[in-house]
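Colleague: Contents of protein.txt (compact mmCIF, C-alpha atoms and all ligand atoms):
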```txt
# COMPACT_ATOMS: atom_id res chain seq x y z
CA MET A 2 -15.32 -26.59 3.83
CA PRO A 3 -15.63 -27.41 7.57
CA PRO A 4 -19.03 -28.19 9.12
CA SER A 5 -20.97 -24.95 9.54
CA SER A 6 -20.70 -25.26 13.34
CA SER A 7 -16.88 -24.77 13.18
CA PRO A 8 -15.24 -21.44 12.38
CA LEU A 9 -13.65 -20.96 8.96
CA VAL A 10 -9.87 -21.20 9.14
CA VAL A 11 -8.44 -18.05 7.54
CA LEU A 12 -4.70 -17.67 6.96
CA PRO A 13 -3.58 -14.14 6.06
CA ILE A 14 -0.06 -13.85 4.61
CA VAL A 15 1.66 -10.47 4.96
CA GLY A 16 5.13 -9.37 3.87
CA THR A 17 5.68 -5.61 3.65
CA ARG A 18 4.65 -2.34 5.28
CA PRO A 19 1.71 -1.48 3.00
CA GLU A 20 0.29 -4.99 3.33
CA ALA A 21 0.55 -4.60 7.09
CA VAL A 22 -1.38 -1.31 7.10
CA LYS A 23 -4.10 -2.76 4.92
CA MET A 24 -4.34 -6.25 6.45
CA ALA A 25 -3.92 -5.56 10.17
CA PRO A 26 -7.38 -3.95 10.64
CA LEU A 27 -8.97 -6.88 8.77
CA ILE A 28 -7.03 -9.42 10.84
CA ASN A 29 -8.14 -7.75 14.08
CA LEU A 30 -11.73 -7.67 12.88
CA LEU A 31 -11.70 -11.39 11.95
CA LYS A 32 -10.05 -12.27 15.27
CA ALA A 33 -12.81 -10.45 17.14
CA ARG A 34 -15.33 -12.93 15.67
CA PRO A 35 -13.99 -16.31 16.91
CA ASP A 36 -17.29 -18.11 16.38
CA GLU A 37 -17.04 -17.41 12.67
CA PHE A 38 -13.27 -17.25 11.98
CA LYS A 39 -10.14 -18.92 13.27
CA VAL A 40 -7.24 -16.71 12.19
CA ILE A 41 -3.67 -17.94 11.71
CA VAL A 42 -1.26 -15.12 10.82
CA ALA A 43 1.78 -15.86 8.64
CA VAL A 44 4.37 -13.30 7.59
CA THR A 45 7.06 -13.82 4.98
CA GLY A 46 9.18 -11.10 6.57
CA GLN A 47 9.93 -9.64 3.11
CA HIS A 48 10.27 -6.45 5.18
CA ARG A 49 11.53 -6.63 8.73
CA GLU A 50 11.47 -3.53 10.92
CA MET A 51 8.99 -1.77 8.62
CA LEU A 52 6.65 -4.76 8.87
CA ASP A 53 6.94 -5.19 12.63
CA GLN A 54 6.50 -1.45 13.26
CA VAL A 55 3.06 -1.58 11.70
CA MET A 56 1.81 -5.09 12.52
CA ILE A 57 2.99 -5.31 16.09
CA GLY A 58 3.73 -1.68 16.94
CA ALA A 59 0.65 0.04 15.56
CA PHE A 60 -1.97 -2.74 15.47
CA GLY A 61 -0.84 -5.33 18.04
CA VAL A 62 -0.95 -8.22 15.57
CA HIS A 63 1.48 -11.03 16.46
CA TYR A 64 2.60 -13.82 14.15
CA ASP A 65 1.90 -17.54 14.26
CA HIS A 66 4.50 -18.13 11.52
CA ASP A 67 7.40 -15.88 10.49
CA LEU A 68 9.56 -16.91 7.52
CA ALA A 69 12.02 -14.03 8.13
CA ILE A 70 13.20 -14.07 4.52
CA MET A 71 14.54 -10.51 4.21
CA THR A 72 18.15 -9.97 3.13
CA GLN A 73 19.87 -6.68 2.30
CA GLY A 74 19.37 -5.70 -1.34
CA GLN A 75 17.28 -8.81 -2.02
CA SER A 76 16.40 -9.78 -5.59
CA LEU A 77 12.89 -10.56 -6.78
CA THR A 78 13.91 -14.17 -7.41
CA GLN A 79 15.18 -14.52 -3.84
CA ILE A 80 11.95 -13.13 -2.35
CA THR A 81 9.75 -15.35 -4.53
CA THR A 82 11.64 -18.61 -4.05
CA ARG A 83 12.26 -18.19 -0.32
CA ALA A 84 8.63 -17.26 0.33
CA LEU A 85 7.27 -20.14 -1.77
CA ASP A 86 9.60 -22.60 -0.13
CA GLY A 87 8.70 -21.43 3.37
CA LEU A 88 4.95 -21.25 2.84
CA GLU A 89 4.46 -24.82 1.63
CA PRO A 90 4.98 -26.59 4.99
CA ILE A 91 2.90 -23.97 6.82
CA LEU A 92 -0.08 -24.46 4.49
CA LYS A 93 0.29 -28.25 4.69
CA GLN A 94 0.33 -28.08 8.49
CA GLU A 95 -2.45 -25.53 9.02
CA LYS A 96 -4.77 -26.62 6.17
CA PRO A 97 -6.70 -23.31 6.10
CA ASP A 98 -10.04 -23.00 4.30
CA ILE A 99 -8.84 -19.79 2.70
CA VAL A 100 -5.57 -17.86 2.35
CA LEU A 101 -5.70 -14.06 2.15
CA GLY A 102 -3.09 -11.80 0.59
CA GLN A 103 -3.05 -8.11 -0.18
CA GLY A 104 -1.93 -5.86 -3.00
CA ASP A 105 0.83 -6.28 -5.53
CA THR A 106 4.06 -7.18 -3.75
CA THR A 107 6.12 -10.26 -4.41
CA THR A 108 4.76 -11.67 -1.15
CA VAL A 109 1.21 -11.64 -2.54
CA LEU A 110 2.30 -13.39 -5.73
CA ALA A 111 4.10 -16.09 -3.73
CA ALA A 112 1.16 -16.40 -1.32
CA SER A 113 -1.38 -16.92 -4.10
CA LEU A 114 0.85 -19.43 -5.86
CA ALA A 115 1.62 -21.34 -2.64
CA ALA A 116 -2.12 -21.53 -1.85
CA SER A 117 -3.01 -22.79 -5.30
CA TYR A 118 -0.27 -25.45 -5.21
CA GLN A 119 -2.10 -26.83 -2.13
CA LYS A 120 -5.50 -26.29 -3.86
CA ILE A 121 -6.51 -23.87 -1.12
CA ALA A 122 -8.84 -20.98 -1.99
CA PHE A 123 -7.18 -17.57 -2.26
CA GLY A 124 -8.79 -14.20 -1.47
CA HIS A 125 -7.10 -11.13 -2.94
CA VAL A 126 -7.49 -7.90 -0.97
CA GLU A 127 -7.14 -4.79 -3.20
CA ALA A 128 -7.79 -6.71 -6.41
CA GLY A 129 -8.08 -5.19 -9.88
CA LEU A 130 -5.66 -2.24 -9.84
CA ARG A 131 -4.00 -1.79 -13.21
CA THR A 132 -1.81 0.64 -15.13
CA ASP A 133 -1.94 -1.58 -18.22
CA ASN A 134 1.82 -1.13 -18.56
CA LYS A 135 3.48 -4.47 -17.90
CA PHE A 136 6.68 -2.97 -16.47
CA ASP A 137 5.34 0.13 -14.68
CA PRO A 138 5.22 -0.12 -11.75
CA PHE A 139 7.73 -2.95 -11.72
CA PRO A 140 7.21 -5.68 -10.67
CA GLU A 141 3.85 -4.74 -9.13
CA GLU A 142 1.81 -4.74 -12.37
CA LEU A 143 3.09 -8.25 -13.11
CA ASN A 144 2.33 -9.38 -9.57
CA ARG A 145 -1.24 -8.08 -9.72
CA ARG A 146 -2.05 -9.59 -13.09
CA LEU A 147 -0.64 -13.00 -12.17
CA THR A 148 -2.34 -13.02 -8.76
CA THR A 149 -5.70 -12.27 -10.40
CA GLN A 150 -5.39 -15.46 -12.45
CA ILE A 151 -5.01 -17.57 -9.29
CA THR A 152 -7.53 -15.75 -7.09
CA ASP A 153 -10.91 -17.23 -6.12
CA LEU A 154 -12.35 -14.18 -4.29
CA HIS A 155 -11.46 -10.74 -5.60
CA PHE A 156 -11.97 -7.90 -3.08
CA ALA A 157 -11.98 -4.88 -5.39
CA PRO A 158 -11.59 -1.47 -3.72
CA THR A 159 -13.32 0.73 -6.34
CA PRO A 160 -15.73 0.46 -9.30
CA GLN A 161 -12.77 1.04 -11.65
CA ALA A 162 -11.00 -2.00 -10.16
CA VAL A 163 -14.19 -4.07 -10.68
CA GLU A 164 -14.26 -3.00 -14.34
CA ASN A 165 -10.59 -3.93 -14.78
CA LEU A 166 -11.27 -7.43 -13.44
CA LYS A 167 -14.35 -7.93 -15.62
CA ARG A 168 -12.41 -6.80 -18.68
CA GLU A 169 -9.95 -9.63 -17.97
CA GLY A 170 -12.76 -12.17 -17.80
CA VAL A 171 -13.18 -12.57 -14.03
CA ARG A 172 -16.69 -13.84 -13.24
CA ASP A 173 -19.05 -11.28 -11.63
CA GLU A 174 -19.90 -13.66 -8.73
CA ALA A 175 -16.23 -13.84 -7.69
CA ILE A 176 -15.88 -10.04 -7.36
CA TYR A 177 -16.86 -8.09 -4.23
CA LEU A 178 -16.74 -4.26 -4.29
CA THR A 179 -15.47 -3.65 -0.78
CA GLY A 180 -13.58 -0.34 -0.72
CA ASN A 181 -9.97 -0.27 0.46
CA THR A 182 -9.00 -1.32 3.98
CA VAL A 183 -6.38 1.48 3.92
CA ILE A 184 -9.21 3.79 4.98
CA ASP A 185 -10.26 1.38 7.79
CA ALA A 186 -6.73 1.76 9.14
CA LEU A 187 -6.61 5.51 8.63
CA LEU A 188 -9.93 6.17 10.34
CA GLN A 189 -8.80 4.09 13.32
CA VAL A 190 -5.87 6.42 13.98
CA SER A 191 -6.55 9.74 12.26
CA LYS A 192 -7.51 12.93 14.02
CA GLN A 193 -8.69 16.08 12.27
CA ARG A 194 -6.23 17.57 9.88
CA GLU A 195 -3.92 19.90 11.79
CA ALA A 196 -1.96 21.79 9.14
CA ALA A 197 0.52 24.04 10.94
CA THR A 198 -0.32 27.74 10.78
CA GLU A 199 3.06 29.00 11.93
CA GLY A 200 6.65 28.04 11.28
CA LEU A 201 7.96 26.41 8.14
CA LYS A 202 5.53 24.79 5.71
CA THR A 203 6.22 21.06 5.65
CA ILE A 204 6.51 19.15 2.41
CA LEU A 205 6.29 15.46 3.29
CA VAL A 206 8.07 13.18 0.82
CA THR A 207 8.32 9.40 0.40
CA THR A 208 9.98 7.59 -2.48
CA HIS A 209 10.98 3.97 -2.97
CA ARG A 210 9.71 2.51 -6.27
CA ARG A 211 12.08 0.15 -8.04
CA GLU A 212 11.37 1.74 -11.44
CA ASN A 213 12.42 5.13 -9.99
CA LEU A 214 15.80 3.87 -8.75
CA GLY A 215 18.73 5.50 -10.56
CA ALA A 216 18.17 8.56 -12.77
CA PRO A 217 14.50 9.25 -11.85
CA LEU A 218 15.33 9.21 -8.12
CA GLU A 219 18.29 11.50 -8.76
CA ASN A 220 15.91 13.91 -10.58
CA ILE A 221 13.46 13.77 -7.68
CA ALA A 222 16.19 14.58 -5.14
CA LEU A 223 17.53 17.47 -7.26
CA ALA A 224 13.99 18.83 -7.69
CA LEU A 225 13.47 18.74 -3.92
CA ARG A 226 16.66 20.75 -3.45
CA ASP A 227 15.45 23.28 -6.05
CA ILE A 228 12.13 23.62 -4.22
CA LEU A 229 13.87 24.28 -0.88
CA GLU A 230 16.05 26.95 -2.50
CA LYS A 231 13.12 28.62 -4.24
CA PHE A 232 10.84 28.61 -1.17
CA PRO A 233 12.74 29.51 2.03
CA GLU A 234 9.53 29.18 4.06
CA THR A 235 9.44 25.40 3.41
CA GLN A 236 11.06 22.35 4.92
CA ILE A 237 11.14 18.80 3.64
CA VAL A 238 10.46 15.86 5.94
CA LEU A 239 11.51 12.64 4.25
CA PRO A 240 11.20 9.33 6.13
CA MET A 241 13.69 7.34 4.08
CA HIS A 242 12.95 3.84 2.85
CA PRO A 243 15.75 1.56 4.19
CA ASN A 244 16.67 0.32 0.71
CA PRO A 245 20.39 1.25 0.35
CA ALA A 246 19.82 2.21 -3.31
CA VAL A 247 17.28 4.83 -2.17
CA ARG A 248 19.31 6.18 0.74
CA GLU A 249 22.54 6.65 -1.19
CA VAL A 250 20.92 9.14 -3.60
CA LEU A 251 18.85 11.02 -1.01
CA LEU A 252 21.72 11.44 1.43
CA ARG A 253 24.16 12.51 -1.28
CA VAL A 254 21.89 15.15 -2.85
CA LEU A 255 19.95 16.41 0.18
CA GLY A 256 21.90 15.24 3.23
CA ASP A 257 23.61 18.59 3.93
CA HIS A 258 20.57 20.84 3.42
CA PRO A 259 19.51 22.50 6.71
CA ARG A 260 15.81 22.37 5.80
CA ALA A 261 15.79 18.73 4.63
CA GLN A 262 15.02 16.30 7.44
CA LEU A 263 16.05 12.86 6.20
CA ILE A 264 14.74 10.58 8.90
CA GLU A 265 14.17 6.88 9.60
CA PRO A 266 10.85 5.36 8.44
CA LEU A 267 8.12 6.45 10.83
CA ASP A 268 5.84 4.04 12.58
CA TYR A 269 2.33 4.20 11.13
CA LEU A 270 0.76 6.47 13.78
CA PRO A 271 3.52 9.10 13.70
CA PHE A 272 3.43 8.93 9.91
CA VAL A 273 -0.30 9.66 9.87
CA ARG A 274 0.37 12.61 12.23
CA ALA A 275 3.09 13.79 9.81
CA MET A 276 0.60 13.61 6.92
CA GLU A 277 -2.00 15.52 8.94
CA GLY A 278 0.50 18.29 9.64
CA ALA A 279 1.87 18.50 6.09
CA HIS A 280 1.14 21.36 3.70
CA LEU A 281 1.87 19.24 0.66
CA ILE A 282 2.85 15.61 -0.05
CA LEU A 283 5.15 14.38 -2.81
CA THR A 284 5.23 10.60 -3.12
CA ASP A 285 5.59 7.56 -5.34
CA SER A 286 3.81 5.41 -2.73
CA GLY A 287 0.57 3.67 -3.55
CA GLY A 288 -0.83 3.77 -0.02
CA VAL A 289 -0.02 7.42 0.52
CA GLN A 290 -1.90 8.26 -2.70
CA GLU A 291 -4.96 6.69 -1.10
CA GLU A 292 -4.58 8.25 2.35
CA ALA A 293 -3.84 11.87 1.40
CA PRO A 294 -7.16 12.52 -0.40
CA SER A 295 -9.02 11.40 2.72
CA LEU A 296 -7.04 13.92 4.75
CA GLY A 297 -7.56 16.72 2.20
CA ILE A 298 -3.86 17.13 1.51
CA PRO A 299 -2.70 17.80 -2.06
CA VAL A 300 -0.51 15.03 -3.45
CA LEU A 301 1.92 15.25 -6.31
CA VAL A 302 2.57 11.72 -7.54
CA LEU A 303 6.20 11.13 -8.53
CA ARG A 304 5.44 8.53 -11.17
CA ARG A 305 4.67 8.29 -14.87
CA THR A 306 1.65 6.02 -14.43
CA THR A 307 -0.80 5.35 -11.64
CA GLU A 308 -3.17 2.48 -10.93
CA ARG A 309 -5.02 4.86 -8.60
CA PRO A 310 -6.81 7.31 -10.93
CA GLU A 311 -9.58 8.00 -8.40
CA GLY A 312 -7.54 10.59 -6.45
CA VAL A 313 -6.67 12.37 -9.69
CA THR A 314 -10.34 12.41 -10.71
CA ALA A 315 -11.34 13.69 -7.26
CA GLY A 316 -8.89 16.58 -7.83
CA THR A 317 -6.67 16.00 -4.79
CA ALA A 318 -3.82 14.21 -6.63
CA ARG A 319 -1.79 15.07 -9.73
CA LEU A 320 0.45 12.72 -11.68
CA ILE A 321 3.60 14.72 -12.39
CA GLY A 322 6.25 12.16 -13.39
CA THR A 323 9.92 12.21 -12.41
CA GLU A 324 11.44 15.03 -14.48
CA ARG A 325 13.20 17.64 -12.35
CA GLU A 326 11.58 20.69 -14.03
CA ASP A 327 8.07 19.18 -13.93
CA ILE A 328 8.32 18.46 -10.21
CA VAL A 329 9.61 21.95 -9.39
CA GLU A 330 6.92 23.57 -11.55
CA ALA A 331 4.04 21.59 -10.03
CA ALA A 332 5.21 22.20 -6.45
CA SER A 333 5.88 25.90 -7.17
CA GLN A 334 2.35 26.37 -8.40
CA LEU A 335 0.89 24.94 -5.20
CA LEU A 336 3.29 26.90 -3.00
CA SER A 337 2.66 30.26 -4.68
CA ASP A 338 -0.95 30.14 -5.93
CA ALA A 339 -3.54 29.91 -3.12
CA GLY A 340 -6.34 29.22 -5.62
CA ALA A 341 -4.49 26.23 -7.09
CA TYR A 342 -3.72 24.98 -3.59
CA ASN A 343 -7.28 25.37 -2.31
CA SER A 344 -8.73 23.58 -5.31
CA MET A 345 -6.68 20.48 -4.39
CA SER A 346 -6.93 20.60 -0.60
CA HIS A 347 -10.49 19.37 -0.10
CA ALA A 348 -11.13 15.97 1.48
CA ALA A 349 -12.34 13.18 -0.81
CA ASN A 350 -12.95 9.53 0.00
CA PRO A 351 -12.90 7.62 -3.28
CA TYR A 352 -11.08 4.66 -1.73
CA GLY A 353 -13.10 3.62 1.29
CA ASP A 354 -15.43 4.43 4.15
CA GLY A 355 -13.76 2.51 6.99
CA LYS A 356 -16.02 -0.54 6.56
CA SER A 357 -14.08 -2.48 3.94
CA GLY A 358 -12.91 -5.10 6.46
CA GLU A 359 -16.53 -5.82 7.42
CA ARG A 360 -17.46 -6.29 3.77
CA ILE A 361 -14.53 -8.65 3.24
CA ALA A 362 -15.50 -10.71 6.31
CA GLN A 363 -19.06 -10.89 4.99
CA ALA A 364 -17.81 -11.81 1.51
CA ILE A 365 -15.83 -14.73 2.94
CA LEU A 366 -18.96 -15.97 4.75
CA HIS A 367 -20.97 -15.53 1.55
CA TRP A 368 -18.41 -17.54 -0.44
CA ALA A 369 -18.59 -20.32 2.20
CA GLY A 370 -22.40 -20.39 1.94
CA ARG A 371 -22.77 -18.94 5.44
CA GLY A 372 -24.38 -15.58 4.77
CA PRO A 373 -25.70 -13.08 2.25
CA ARG A 374 -23.54 -11.15 -0.22
CA PRO A 375 -22.31 -7.87 1.34
CA GLN A 376 -23.58 -4.56 0.00
CA ASP A 377 -21.21 -2.87 -2.43
CA PHE A 378 -19.01 0.00 -1.25
CA VAL A 379 -20.34 3.33 -2.52
CA ALA A 380 -17.89 6.25 -2.54
C1 LIG B 1 8.46 -3.62 -1.56
C2 LIG B 1 7.47 -4.03 -2.65
C3 LIG B 1 6.76 -2.81 -3.21
C4 LIG B 1 6.14 -2.01 -2.08
C5 LIG B 1 7.20 -1.68 -1.04
C6 LIG B 1 6.55 -0.98 0.12
C7 LIG B 1 8.09 -5.96 -4.04
C8 LIG B 1 8.91 -6.45 -5.16
N1 LIG B 1 8.21 -4.67 -3.76
O1 LIG B 1 9.45 -2.83 -2.19
O2 LIG B 1 5.74 -3.23 -4.09
O3 LIG B 1 5.64 -0.81 -2.63
O4 LIG B 1 7.78 -2.89 -0.57
O5 LIG B 1 7.50 -0.38 0.95
O6 LIG B 1 7.36 -6.71 -3.44
N2 LIG B 1 14.70 -3.09 3.81
C9 LIG B 1 15.13 -3.10 5.13
N3 LIG B 1 14.19 -3.20 6.12
C10 LIG B 1 12.86 -3.26 5.87
C11 LIG B 1 12.42 -3.25 4.53
C12 LIG B 1 13.35 -3.16 3.51
O7 LIG B 1 16.32 -3.02 5.40
O8 LIG B 1 12.06 -3.35 6.83
C13 LIG B 1 15.71 -2.97 2.72
C14 LIG B 1 16.47 -4.29 2.48
O9 LIG B 1 17.79 -4.00 2.11
C15 LIG B 1 15.72 -4.88 1.29
C16 LIG B 1 15.41 -3.61 0.51
O10 LIG B 1 15.08 -2.63 1.50
O11 LIG B 1 16.47 -5.84 0.58
C17 LIG B 1 14.30 -3.72 -0.49
O12 LIG B 1 13.15 -4.36 0.07
P1 LIG B 1 12.09 -5.11 -0.91
O13 LIG B 1 10.95 -5.64 -0.12
O14 LIG B 1 12.81 -6.05 -1.80
O15 LIG B 1 11.60 -3.94 -1.86
P2 LIG B 1 10.87 -2.58 -1.55
O16 LIG B 1 11.51 -1.55 -2.42
O17 LIG B 1 10.77 -2.36 -0.09
N1 LIG B 2 4.03 4.73 6.00
C1 LIG B 2 4.49 4.62 7.32
N2 LIG B 2 5.69 5.20 7.66
C2 LIG B 2 6.45 5.88 6.76
C3 LIG B 2 5.99 5.97 5.41
C4 LIG B 2 4.77 5.37 5.07
O1 LIG B 2 3.82 4.03 8.16
O2 LIG B 2 7.52 6.38 7.13
C5 LIG B 2 2.75 4.07 5.64
C6 LIG B 2 1.76 4.93 4.90
O3 LIG B 2 0.89 5.60 5.78
C7 LIG B 2 1.02 3.92 4.03
C8 LIG B 2 2.04 2.82 3.80
O4 LIG B 2 3.08 3.03 4.74
O5 LIG B 2 -0.07 3.34 4.72
C9 LIG B 2 2.56 2.86 2.41
O6 LIG B 2 3.65 2.01 2.29
P1 LIG B 2 4.76 2.17 1.18
O7 LIG B 2 4.80 3.57 0.70
O8 LIG B 2 6.00 1.57 1.73
O9 LIG B 2 4.27 1.16 0.05
P2 LIG B 2 3.26 1.29 -1.19
O10 LIG B 2 1.95 1.76 -0.68
O11 LIG B 2 3.89 2.20 -2.19
O12 LIG B 2 3.21 -0.10 -1.73
```
Just dump the structure as structure tokens.

Modeller:
Amino acid sequence: MPPSSSPLVVLPIVGTRPEAVKMAPLINLLKARPDEFKVIVAVTGQHREMLDQVMIGAFGVHYDHDLAIMTQGQSLTQITTRALDGLEPILKQEKPDIVLGQGDTTTVLAASLAASYQKIAFGHVEAGLRTDNKFDPFPEELNRRLTTQITDLHFAPTPQAVENLKREGVRDEAIYLTGNTVIDALLQVSKQREAATEGLKTILVTTHRRENLGAPLENIALALRDILEKFPETQIVLPMHPNPAVREVLLRVLGDHPRAQLIEPLDYLPFVRAMEGAHLILTDSGGVQEEAPSLGIPVLVLRRTTERPEGVTAGTARLIGTEREDIVEAASQLLSDAGAYNSMSHAANPYGDGKSGERIAQAILHWAGRGPRPQDFVA
């Protein structure tokens, strides 16, 4: 640890779009306190345009180090080995007091491992999410579990996440209940919900999970087509993930439908506007499951398991799986039954209050012996 007169050197490592959304507000907050923190930003570049859109485009965060590892159709082994290889010299050169990583991507696994190989402390943002199914979501559940083993400071977003960590033997002192920085980001850009009152009702859809590639994604696309046919007053807006395996299915099944807008990924601000204007959201995204409840928009989760039960408990999200009939039935109910729709369309904030970054900053100071423990996040 440096003398208490010098700032702590913090090195966040970011790789993909969701990490960017959840880390950029924290990075900006740490940078605004130069007496306490010196921030060196490294990106693996696991994503490219989707990463830069959010980091640079939406939040103005520039990189000190960029490994630029992305290749088309990359394998998990390629991401892990290229990130590990590239991070070692950066950590040796910069010698940070603490490395920060976020979530459950392969970048976070490589970041935690690279830090521990240099015996540098690792802080895990969004720690403790679990489905308890080793291969669902894949490889995210593996990434989370392994990262927990290496982590020194666990920034858990919810009480459930704290419980999951304790159950796996993580010491109480190493866990901070901070809330999720996804809500810090959202509150920085969100306006009031502006659901359209005239014109077509928009169903906003995102889908990209590796375990949904193939038959489940085909089912999802066919179900979306069924929904459009059954409800002529609806349109689908679908910012497509750039993964070729995702695009091939979506374009083949939905590409010719006049009320299906298959568009490029949106930058974060336009995407938040699209959520605010949506009647209903169908998604397999983790981040969108956290954002939609805050905006009071019903979400149907296109997955068999979720590590985010809080939205389901709050009544704004439903886990519906990837079977064609189940998706059509769940969407039909919300599109034809106002009571069912209204019961899901209230705002709930189980994931954060916009102050999670402040708690994480305070937790880092507490860990370094430079301040009191932050107060827990209360939903
Ligand atoms: C990754 C994460 C997943 C996260 C998701 C968020 C892993 C293993 N997976 O999945 O947890 O939910 O990001 O979106 O860490 N591509 C581009 N440009 C981009 C991004 C991706 O062209 O900006 C294409 C490339 O062909 C790339 C492919 O998409 O090879 C897949 O990207 P990858 O990061 O391996 O997996 P994701 O499905 O994006
Ligand atoms: N998002 C975005 N543009 C889009 C789709 C999503 O900015 O076209 C944002 C969304 O608001 C959320 C994050 O990306 O904050 C979620 O990322 P993604 O779904 O790729 O990953 P996951 O959360 O599933 O890991």

Colleague: State, in Å with one decimal place, the distance from atom CA of A:Ala25 to atom CA of A:Asp53.

Modeller: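 Those two atoms sit 11.1 Å apart.
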
Colleague: Just want the 6 Å neighbourhood of A:Ala128, counted on only C-alpha atoms, with same-chain residues fewer than 4 positions away dropped. Output as a list of chain:residue names.

Modeller: A:His155, A:Phe156, A:Ala157

Colleague: Can you work out which residues are within 6 Å of ligand LIG 1 (chain B), considering only C-alpha atoms and all ligand atoms, and then hand them over as a PDB file with C-alpha atoms, in the frame of the given file?

Modeller:
```pdb
ATOM      1  CA  THR A  17       5.680  -5.610   3.650  1.00  0.00           C
ATOM      2  CA  ARG A  18       4.650  -2.340   5.280  1.00  0.00           C
ATOM      3  CA  PRO A  19       1.710  -1.480   3.000  1.00  0.00           C
ATOM      4  CA  GLN A  47       9.930  -9.640   3.110  1.00  0.00           C
ATOM      5  CA  HIS A  48      10.270  -6.450   5.180  1.00  0.00           C
ATOM      6  CA  ARG A  49      11.530  -6.630   8.730  1.00  0.00           C
ATOM      7  CA  GLU A  50      11.470  -3.530  10.920  1.00  0.00           C
ATOM      8  CA  MET A  51       8.990  -1.770   8.620  1.00  0.00           C
ATOM      9  CA  LEU A  52       6.650  -4.760   8.870  1.00  0.00           C
ATOM     10  CA  THR A  72      18.150  -9.970   3.130  1.00  0.00           C
ATOM     11  CA  GLN A  73      19.870  -6.680   2.300  1.00  0.00           C
ATOM     12  CA  GLY A  74      19.370  -5.700  -1.340  1.00  0.00           C
ATOM     13  CA  GLN A  75      17.280  -8.810  -2.020  1.00  0.00           C
ATOM     14  CA  LEU A  77      12.890 -10.560  -6.780  1.00  0.00           C
ATOM     15  CA  ASP A 105       0.830  -6.280  -5.530  1.00  0.00           C
ATOM     16  CA  THR A 106       4.060  -7.180  -3.750  1.00  0.00           C
ATOM     17  CA  THR A 107       6.120 -10.260  -4.410  1.00  0.00           C
ATOM     18  CA  PRO A 140       7.210  -5.680 -10.670  1.00  0.00           C
ATOM     19  CA  GLU A 141       3.850  -4.740  -9.130  1.00  0.00           C
ATOM     20  CA  HIS A 209      10.980   3.970  -2.970  1.00  0.00           C
ATOM     21  CA  ARG A 210       9.710   2.510  -6.270  1.00  0.00           C
ATOM     22  CA  ARG A 211      12.080   0.150  -8.040  1.00  0.00           C
ATOM     23  CA  PRO A 243      15.750   1.560   4.190  1.00  0.00           C
ATOM     24  CA  ASN A 244      16.670   0.320   0.710  1.00  0.00           C
TER      25      ASN A 244
END
```

Colleague: If you measure from atom CA of A:Leu263 to atom CA of A:Ile237, what distance in Å do you get, rounded to one decimal?

Modeller: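 That distance, rounded to one decimal, is 8.1 Å.
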
Colleague: Write out as a PyMOL selection string each polymer residue (protein, DNA or RNA) that has an atom no more than 7 Å from ligand LIG 2 (chain B), with only C-alpha atoms and all ligand atoms counted.

Modeller: chain A and resi 18-19+22+55+183+207+240-241+266-270+272-273+285-289+292

Colleague: Can you list, as a list in words, every protein, DNA or RNA residue that comes within 7 Å of A:Lys39 when you count only C-alpha atoms, leaving out same-chain residues fewer than 6 positions away?

Modeller: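 Once the adjacent positions are removed, what remains is Pro8, Leu9, Val10, Val11 and Lys32 of chain A.
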
Colleague: Those residues with C-alpha atoms, as a compact mmCIF listing (two decimals), keeping the file's coordinate frame please?

Modeller:
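Below is the file again_19.txt, written as the result:
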```
# COMPACT_ATOMS: atom_id res chain seq x y z
CA PRO A 8 -15.24 -21.44 12.38
CA LEU A 9 -13.65 -20.96 8.96
CA VAL A 10 -9.87 -21.20 9.14
CA VAL A 11 -8.44 -18.05 7.54
CA LYS A 32 -10.05 -12.27 15.27
```

Colleague: Quick check, in Å to one decimal: how far apart do atom CA of A:Gln334 and atom CA of A:His242 lie?

Modeller: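 Interatomic distance, atom CA of A:Gln334 to atom CA of A:His242: 27.3 Å.
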
Colleague: Using all atoms listed in the file, determine which residues lie at most 12 Å from A:Leu239, disregarding the query and same-chain residues fewer than 6 positions distant; provide the list as a short mmCIF file (atom, residue, chain, number, x, y, z; two decimals) with C-alpha atoms, in the coordinates of the input.

Modeller:
```
data_model
loop_
_atom_site.label_atom_id
_atom_site.label_comp_id
_atom_site.auth_asym_id
_atom_site.auth_seq_id
_atom_site.Cartn_x
_atom_site.Cartn_y
_atom_site.Cartn_z
CA THR A 203 6.22 21.06 5.65
CA ILE A 204 6.51 19.15 2.41
CA LEU A 205 6.29 15.46 3.29
CA VAL A 206 8.07 13.18 0.82
CA THR A 207 8.32 9.40 0.40
CA THR A 208 9.98 7.59 -2.48
CA HIS A 209 10.98 3.97 -2.97
CA ALA A 222 16.19 14.58 -5.14
CA LEU A 225 13.47 18.74 -3.92
CA VAL A 247 17.28 4.83 -2.17
CA ARG A 248 19.31 6.18 0.74
CA LEU A 251 18.85 11.02 -1.01
CA LEU A 252 21.72 11.44 1.43
CA LEU A 255 19.95 16.41 0.18
CA GLY A 256 21.90 15.24 3.23
CA ARG A 260 15.81 22.37 5.80
CA ALA A 261 15.79 18.73 4.63
CA GLN A 262 15.02 16.30 7.44
CA LEU A 263 16.05 12.86 6.20
CA ILE A 264 14.74 10.58 8.90
CA GLU A 265 14.17 6.88 9.60
CA PRO A 266 10.85 5.36 8.44
CA LEU A 267 8.12 6.45 10.83
CA PHE A 272 3.43 8.93 9.91
CA ALA A 275 3.09 13.79 9.81
CA MET A 276 0.60 13.61 6.92
CA ALA A 279 1.87 18.50 6.09
CA ILE A 282 2.85 15.61 -0.05
CA LEU A 283 5.15 14.38 -2.81
CA THR A 284 5.23 10.60 -3.12
#
```
